[in-house]
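Structure data follow from input.cif (mmCIF, C-alpha atoms):
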data_work
#
loop_
_atom_site.label_atom_id
_atom_site.label_comp_id
_atom_site.auth_asym_id
_atom_site.auth_seq_id
_atom_site.Cartn_x
_atom_site.Cartn_y
_atom_site.Cartn_z
CA MET R 1 -13.21 16.28 -43.90
CA LEU R 2 -16.75 16.79 -42.61
CA LYS R 3 -19.41 17.45 -45.20
CA GLN R 4 -21.01 20.87 -45.21
CA TYR R 5 -24.78 21.06 -45.62
CA SER R 6 -26.93 24.03 -46.54
CA PHE R 7 -29.54 25.13 -44.04
CA GLU R 8 -31.34 26.88 -46.86
CA GLU R 9 -32.32 23.53 -48.33
CA THR R 10 -35.16 22.00 -46.34
CA ALA R 11 -38.23 19.86 -47.00
CA VAL R 12 -40.79 20.65 -44.31
CA GLN R 13 -44.35 19.59 -45.10
CA SER R 14 -47.42 21.64 -44.35
CA PHE R 15 -50.84 20.21 -43.70
CA ASP R 16 -54.10 21.04 -45.44
CA ALA R 17 -57.09 22.58 -43.72
CA GLN R 18 -58.73 19.16 -43.28
CA THR R 19 -55.91 17.93 -41.02
CA THR R 20 -56.55 18.58 -37.33
CA LEU R 21 -53.34 19.58 -35.58
CA ALA R 22 -53.07 18.94 -31.85
CA LEU R 23 -50.05 21.22 -31.49
CA LYS R 24 -47.88 23.38 -33.72
CA THR R 25 -44.93 25.73 -33.43
CA GLU R 26 -44.14 28.89 -35.38
CA ASP R 27 -40.60 30.25 -35.58
CA LEU R 28 -39.64 28.47 -32.34
CA GLN R 29 -36.12 29.37 -31.24
CA VAL R 30 -34.21 28.24 -28.18
CA PHE R 31 -31.14 29.91 -26.67
CA TYR R 32 -28.93 28.56 -23.89
CA GLY R 33 -27.25 31.83 -23.05
CA ALA R 34 -25.45 32.84 -26.25
CA ASN R 35 -25.83 29.38 -27.77
CA HIS R 36 -28.59 29.39 -30.40
CA ALA R 37 -29.69 25.76 -29.98
CA MET R 38 -32.91 25.71 -32.02
CA HIS R 39 -33.63 27.77 -35.13
CA ASP R 40 -37.02 28.71 -36.60
CA ALA R 41 -38.84 25.42 -35.95
CA ASN R 42 -42.17 25.38 -37.79
CA LEU R 43 -43.86 22.03 -37.20
CA GLY R 44 -47.43 20.81 -36.86
CA PHE R 45 -48.45 17.57 -35.19
CA PRO R 46 -51.55 15.76 -36.49
CA LYS R 47 -54.04 14.65 -33.86
CA ASN R 48 -54.00 10.95 -32.91
CA GLN R 49 -50.80 10.20 -34.79
CA ILE R 50 -47.26 9.43 -33.67
CA THR R 51 -44.56 11.82 -34.86
CA ALA R 52 -40.91 10.83 -34.46
CA LEU R 53 -38.08 13.36 -34.10
CA ILE R 54 -34.77 11.93 -35.29
CA GLY R 55 -31.22 13.21 -35.72
CA ALA R 56 -27.74 12.93 -34.25
CA SER R 57 -26.91 13.78 -30.63
CA GLY R 58 -26.91 17.54 -30.17
CA SER R 59 -29.20 18.15 -33.14
CA GLY R 60 -31.88 19.87 -31.05
CA LYS R 61 -34.52 17.11 -30.82
CA SER R 62 -34.83 17.00 -27.03
CA THR R 63 -34.41 20.76 -26.73
CA TYR R 64 -37.35 21.20 -29.07
CA LEU R 65 -39.47 18.51 -27.37
CA ARG R 66 -38.93 19.99 -23.89
CA SER R 67 -40.10 23.37 -25.16
CA LEU R 68 -43.52 22.00 -26.09
CA ASN R 69 -44.71 21.86 -22.48
CA ARG R 70 -42.42 24.58 -21.15
CA MET R 71 -39.88 22.22 -19.57
CA ASN R 72 -37.14 24.60 -20.71
CA ASP R 73 -38.47 27.42 -18.52
CA GLY R 74 -35.67 28.68 -16.28
CA ILE R 75 -33.08 26.74 -18.30
CA ALA R 76 -33.26 28.36 -21.72
CA THR R 77 -34.84 31.32 -23.49
CA VAL R 78 -37.59 30.14 -25.84
CA THR R 79 -39.11 32.52 -28.38
CA GLY R 80 -41.74 32.01 -31.04
CA LYS R 81 -45.22 30.54 -30.73
CA ILE R 82 -46.51 27.18 -29.51
CA TRP R 83 -50.15 26.81 -30.51
CA TYR R 84 -52.38 24.49 -28.48
CA HIS R 85 -56.17 24.73 -28.88
CA GLY R 86 -55.81 28.20 -30.38
CA VAL R 87 -53.70 29.53 -27.48
CA ASN R 88 -50.04 30.47 -27.70
CA ILE R 89 -48.83 28.60 -24.62
CA ASN R 90 -45.40 30.26 -24.86
CA GLU R 91 -46.85 33.48 -23.46
CA PRO R 92 -45.48 34.41 -20.00
CA ASN R 93 -48.94 34.66 -18.40
CA VAL R 94 -49.87 31.04 -19.22
CA ASN R 95 -50.15 28.63 -16.28
CA ILE R 96 -47.44 26.06 -17.00
CA TYR R 97 -48.82 23.57 -14.47
CA GLU R 98 -52.13 23.58 -16.30
CA ILE R 99 -50.30 23.08 -19.60
CA ARG R 100 -48.54 20.01 -18.26
CA LYS R 101 -51.86 18.40 -17.35
CA HIS R 102 -52.72 18.51 -21.06
CA ILE R 103 -49.26 17.91 -22.51
CA GLY R 104 -47.62 15.12 -20.51
CA MET R 105 -44.01 14.00 -20.66
CA VAL R 106 -42.12 10.73 -20.21
CA PHE R 107 -38.37 10.94 -19.86
CA GLN R 108 -35.44 8.91 -21.16
CA ARG R 109 -34.89 6.88 -18.00
CA PRO R 110 -37.82 5.52 -15.99
CA ASN R 111 -38.35 7.81 -13.00
CA PRO R 112 -41.11 6.35 -10.83
CA PHE R 113 -41.65 7.87 -7.39
CA SER R 114 -40.31 5.81 -4.50
CA LYS R 115 -43.89 5.00 -3.57
CA SER R 116 -46.27 2.15 -4.30
CA ILE R 117 -47.45 1.45 -7.82
CA ARG R 118 -50.88 2.78 -6.83
CA GLU R 119 -49.47 5.97 -5.29
CA ASN R 120 -47.47 6.69 -8.44
CA ILE R 121 -50.77 6.98 -10.30
CA VAL R 122 -52.92 8.75 -7.70
CA TYR R 123 -50.37 11.21 -6.29
CA ALA R 124 -50.95 13.92 -8.90
CA LEU R 125 -54.68 13.18 -9.06
CA LYS R 126 -55.03 13.80 -5.32
CA ALA R 127 -52.99 16.99 -5.63
CA ASN R 128 -55.46 18.13 -8.29
CA GLY R 129 -58.51 17.55 -6.14
CA VAL R 130 -59.61 13.98 -6.94
CA LYS R 131 -60.56 12.56 -3.54
CA SER R 132 -63.10 9.78 -4.14
CA LYS R 133 -61.57 6.34 -3.62
CA ALA R 134 -63.85 4.93 -6.33
CA ASP R 135 -62.70 7.59 -8.80
CA LEU R 136 -59.06 7.05 -7.89
CA ASP R 137 -59.36 3.27 -8.22
CA GLU R 138 -61.00 3.69 -11.62
CA ARG R 139 -58.23 6.00 -12.84
CA VAL R 140 -55.56 3.61 -11.57
CA GLU R 141 -57.03 0.68 -13.50
CA LYS R 142 -57.79 2.71 -16.61
CA SER R 143 -54.32 4.26 -16.87
CA LEU R 144 -52.50 1.00 -16.13
CA ARG R 145 -54.62 -0.76 -18.77
CA GLY R 146 -53.80 2.06 -21.18
CA ALA R 147 -50.10 1.47 -20.56
CA ALA R 148 -50.53 -2.32 -20.98
CA LEU R 149 -49.42 -2.89 -17.39
CA TRP R 150 -52.62 -3.72 -15.50
CA ASP R 151 -52.49 -7.50 -15.94
CA GLU R 152 -48.91 -7.56 -14.67
CA VAL R 153 -49.41 -5.49 -11.51
CA LYS R 154 -53.12 -5.64 -10.57
CA ASP R 155 -52.41 -7.93 -7.61
CA THR R 156 -49.39 -5.97 -6.34
CA LEU R 157 -50.55 -2.36 -6.51
CA ASP R 158 -49.25 -1.62 -3.01
CA LYS R 159 -45.74 -2.88 -3.73
CA SER R 160 -42.98 -0.37 -4.38
CA ALA R 161 -42.78 0.85 -7.96
CA LEU R 162 -39.01 0.45 -7.65
CA SER R 163 -39.50 -3.34 -7.52
CA LEU R 164 -40.68 -3.35 -11.14
CA SER R 165 -38.40 -4.11 -14.08
CA GLY R 166 -37.05 -1.22 -16.15
CA GLY R 167 -39.62 -1.79 -18.89
CA GLN R 168 -42.46 -2.00 -16.38
CA GLN R 169 -41.24 1.19 -14.69
CA GLN R 170 -41.29 3.01 -18.01
CA ARG R 171 -44.82 1.84 -18.73
CA LEU R 172 -45.77 2.94 -15.21
CA CYS R 173 -44.41 6.40 -16.05
CA ILE R 174 -46.58 6.40 -19.18
CA ALA R 175 -49.57 5.34 -17.05
CA ARG R 176 -48.78 8.14 -14.58
CA SER R 177 -48.88 10.65 -17.43
CA ILE R 178 -52.11 9.41 -18.99
CA ALA R 179 -53.83 9.30 -15.57
CA MET R 180 -54.06 13.09 -15.87
CA ALA R 181 -55.99 12.64 -19.17
CA PRO R 182 -53.67 14.71 -21.38
CA ASP R 183 -54.24 15.35 -25.09
CA VAL R 184 -50.57 15.09 -26.03
CA LEU R 185 -47.79 12.78 -24.82
CA LEU R 186 -44.14 13.79 -25.24
CA LEU R 187 -41.58 10.98 -24.96
CA ASP R 188 -37.84 11.66 -24.86
CA GLU R 189 -36.07 8.45 -25.94
CA PRO R 190 -38.32 6.32 -23.74
CA CYS R 191 -36.71 3.03 -24.79
CA SER R 192 -33.02 3.96 -24.74
CA ALA R 193 -32.45 2.31 -21.34
CA LEU R 194 -34.59 -0.76 -22.07
CA ASP R 195 -33.87 -4.26 -23.37
CA PRO R 196 -35.38 -5.35 -26.73
CA ILE R 197 -38.33 -7.22 -25.19
CA SER R 198 -39.29 -4.23 -23.02
CA THR R 199 -38.87 -1.96 -26.03
CA VAL R 200 -41.37 -4.02 -28.01
CA LYS R 201 -43.87 -3.74 -25.13
CA VAL R 202 -43.49 0.04 -25.00
CA GLU R 203 -43.83 0.36 -28.78
CA GLU R 204 -46.98 -1.78 -28.76
CA THR R 205 -48.33 0.43 -25.98
CA LEU R 206 -47.67 3.60 -28.00
CA LEU R 207 -49.36 2.21 -31.11
CA GLU R 208 -52.45 1.49 -29.03
CA LEU R 209 -52.34 4.84 -27.22
CA GLN R 210 -52.34 6.89 -30.43
CA LYS R 211 -56.04 6.07 -30.77
CA GLN R 212 -56.62 8.45 -27.85
CA TYR R 213 -53.53 10.67 -27.73
CA THR R 214 -51.24 12.64 -29.99
CA ILE R 215 -47.71 11.32 -29.42
CA ILE R 216 -44.38 13.00 -30.16
CA ILE R 217 -41.34 10.81 -29.58
CA VAL R 218 -37.62 11.60 -29.73
CA THR R 219 -35.63 8.53 -30.74
CA HIS R 220 -32.10 7.74 -31.90
CA ASN R 221 -33.38 4.41 -33.19
CA MET R 222 -34.38 4.84 -36.83
CA GLN R 223 -35.93 1.38 -36.90
CA GLN R 224 -38.14 2.39 -34.00
CA ALA R 225 -39.18 5.59 -35.80
CA ALA R 226 -40.06 3.51 -38.86
CA ARG R 227 -42.07 1.03 -36.78
CA VAL R 228 -44.20 3.40 -34.73
CA SER R 229 -44.52 6.81 -36.40
CA SER R 230 -46.69 8.24 -39.16
CA GLN R 231 -44.66 11.46 -39.51
CA CYS R 232 -40.94 11.98 -39.06
CA ALA R 233 -38.88 15.13 -38.59
CA PHE R 234 -35.11 15.13 -39.09
CA PHE R 235 -33.08 17.62 -37.01
CA HIS R 236 -29.52 18.74 -37.77
CA LEU R 237 -27.50 21.26 -35.71
CA GLY R 238 -30.61 22.95 -34.34
CA HIS R 239 -32.50 23.09 -37.63
CA VAL R 240 -35.50 21.08 -38.80
CA MET R 241 -34.18 19.91 -42.16
CA GLU R 242 -36.92 17.58 -43.31
CA TYR R 243 -40.43 16.70 -42.14
CA THR R 244 -42.37 14.16 -44.17
CA PRO R 245 -44.50 11.03 -43.81
CA THR R 246 -42.26 8.39 -42.24
CA GLY R 247 -42.40 6.12 -45.29
CA THR R 248 -41.08 8.96 -47.46
CA MET R 249 -38.37 9.84 -44.95
CA PHE R 250 -36.87 6.35 -45.04
CA SER R 251 -37.53 5.36 -48.67
CA ASN R 252 -37.09 8.66 -50.48
CA PRO R 253 -35.48 11.43 -48.36
CA GLN R 254 -35.67 14.72 -50.18
CA ILE R 255 -32.40 16.52 -49.35
CA PRO R 256 -28.73 15.46 -49.16
CA VAL R 257 -28.24 15.76 -45.38
CA THR R 258 -31.22 13.48 -44.70
CA GLN R 259 -30.11 11.05 -47.40
CA ASP R 260 -26.68 10.79 -45.77
CA TYR R 261 -28.10 10.37 -42.27
CA ILE R 262 -30.51 7.61 -43.33
CA ALA R 263 -27.78 5.89 -45.33
CA GLY R 264 -25.35 6.00 -42.40
CA SER R 265 -22.78 8.15 -44.22
CA PHE R 266 -23.46 11.17 -42.05
CA GLY R 267 -20.64 13.49 -40.98
#
This entry written out as structure tokens:
Amino acid sequence: MLKQYSFEETAVQSFDAQTTLALKTEDLQVFYGANHAMHDANLGFPKNQITALIGASGSGKSTYLRSLNRMNDGIATVTGKIWYHGVNINEPNVNIYEIRKHIGMVFQRPNPFSKSIRENIVYALKANGVKSKADLDERVEKSLRGAALWDEVKDTLDKSALSLSGGQQQRLCIARSIAMAPDVLLLDEPCSALDPISTVKVEETLLELQKQYTIIIVTHNMQQAARVSSQCAFFHLGHVMEYTPTGTMFSNPQIPVTQDYIAGSFG
């Protein structure tokens, strides 16, 4: 018999006035038609830290993540507030393309354009008015260095991005996002399709990138969450059940549903 857990019992931390939040949500709810997929999510994300979102499949992690830069528009109904630099970016009059320049996203499977490595980086820059070859070359090198890929591809920038390994393609997708100089990076299980060596490379890249960016990562891998994140939120059936420092989440979870999930006796 499946265990029943109370949604009234949660442990969601708040941050003091001294903590700078890059992004936060208030009463965020997501509906796919009549399906209420995300309930009352109130989370804040500290600047220049990595926050991991964990939980079983179907718990609402990716649904929540995709709401943060309006990727659910046209797919789901999202209510509540998403605060970014004092603006509720969930208002209908907000320019979603402008939002996505500041809140970038990397998806579960590497999705490079079927263009050269260089063109993967400069395509969006050109579309946004960057024309100078010197500026474009600088952004290419800077973003590839930021994604720990420059040394591997600097001599083959005009080769197809599809010739890269899966791990290299994923780091190229990270480079493509940071080329637009966002504040926040959203990553939806970025290592799930990668081998262990490539996963280590991506994790090392994220730990370095948090010096410049706020990173929110969905992962099924609890070891990965423990390795890379400072904060951790546990989702269950569309509810944020617990949000604590990562060390607390894995050493001393506060409520029964989290304890069971961490211990592997979930269900």
Distance query Trp150 of chain R at most 12 Å, all atoms listed in the file, self and fewer than 2 positions along chain excluded, as a PyMOL selection string = chain R and resi 117-118+138-148+152-157+168+171-172+175
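Under the PyMOL selection byres ((chain R and resi 180-189) around 7), the matching residues in the shown file are R:Ser62, R:Leu65, R:Lys101, R:His102, R:Ile103, R:Gly104, R:Met105, R:Val106, R:Phe107, R:Gln108, R:Leu125, R:Ser177, R:Ile178, R:Ala179, R:Pro190, R:Cys191, R:Ser192, R:Tyr213, R:Thr214, R:Ile215, R:Ile216, R:Ile217, R:Val218, R:Thr219.
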task = Kindly resolve the PyMOL selection byres ((chain R and resi 236-248) around 6) on the present coordinates and return the residues as a ChimeraX atom specification.
result = /R:10-13,37-39,59-60,230-235,249-252
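When you apply the PyMOL selection byres ((chain R and resi 255) around 8) to this structure, what comes back is Glu9, Thr10, Ala11, Glu242, Pro253, Gln254, Pro256, Val257, Thr258 and Gln259 of chain R.
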Would you save the residues of that selection, restricted to C-alpha atoms, as a PDB file, keeping the file's coordinate frame?
ATOM      1  CA  GLU R   9     -32.320  23.530 -48.330  1.00  0.00           C
ATOM      2  CA  THR R  10     -35.160  22.000 -46.340  1.00  0.00           C
ATOM      3  CA  ALA R  11     -38.230  19.860 -47.000  1.00  0.00           C
ATOM      4  CA  GLU R 242     -36.920  17.580 -43.310  1.00  0.00           C
ATOM      5  CA  PRO R 253     -35.480  11.430 -48.360  1.00  0.00           C
ATOM      6  CA  GLN R 254     -35.670  14.720 -50.180  1.00  0.00           C
ATOM      7  CA  PRO R 256     -28.730  15.460 -49.160  1.00  0.00           C
ATOM      8  CA  VAL R 257     -28.240  15.760 -45.380  1.00  0.00           C
ATOM      9  CA  THR R 258     -31.220  13.480 -44.700  1.00  0.00           C
ATOM     10  CA  GLN R 259     -30.110  11.050 -47.400  1.00  0.00           C
TER      11      GLN R 259
END
request  = Go through R:Val228, R:Asp195, R:Ala76, R:Gly166 one by one, measure the shortest atom-to-atom distance of each to Leu207 of chain R using only C-alpha atoms, and give the residue with the smallest value.
outcome  = R:Val228
message = Residues within 10 Å of Glu26 of chain R, please, as a list of chain:residue names. Count only C-alpha atoms; anything in the same chain fewer than 3 positions from it doesn't count.
response =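 Residues near the query, excluding close chain neighbours: R:Gln29, R:Asp40, R:Ala41, R:Asn42, R:Leu43, R:Gly44, R:Thr79, R:Gly80, R:Lys81, R:Ile82, R:Trp83, R:Asn88.
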ask   = Which residues come within 12 Å of Pro196 of chain R, counting all atoms listed in the file, excluding same-chain residues fewer than 3 positions away, as a ChimeraX atom specification?
value = /R:166-167,191-193,199-203,221,224
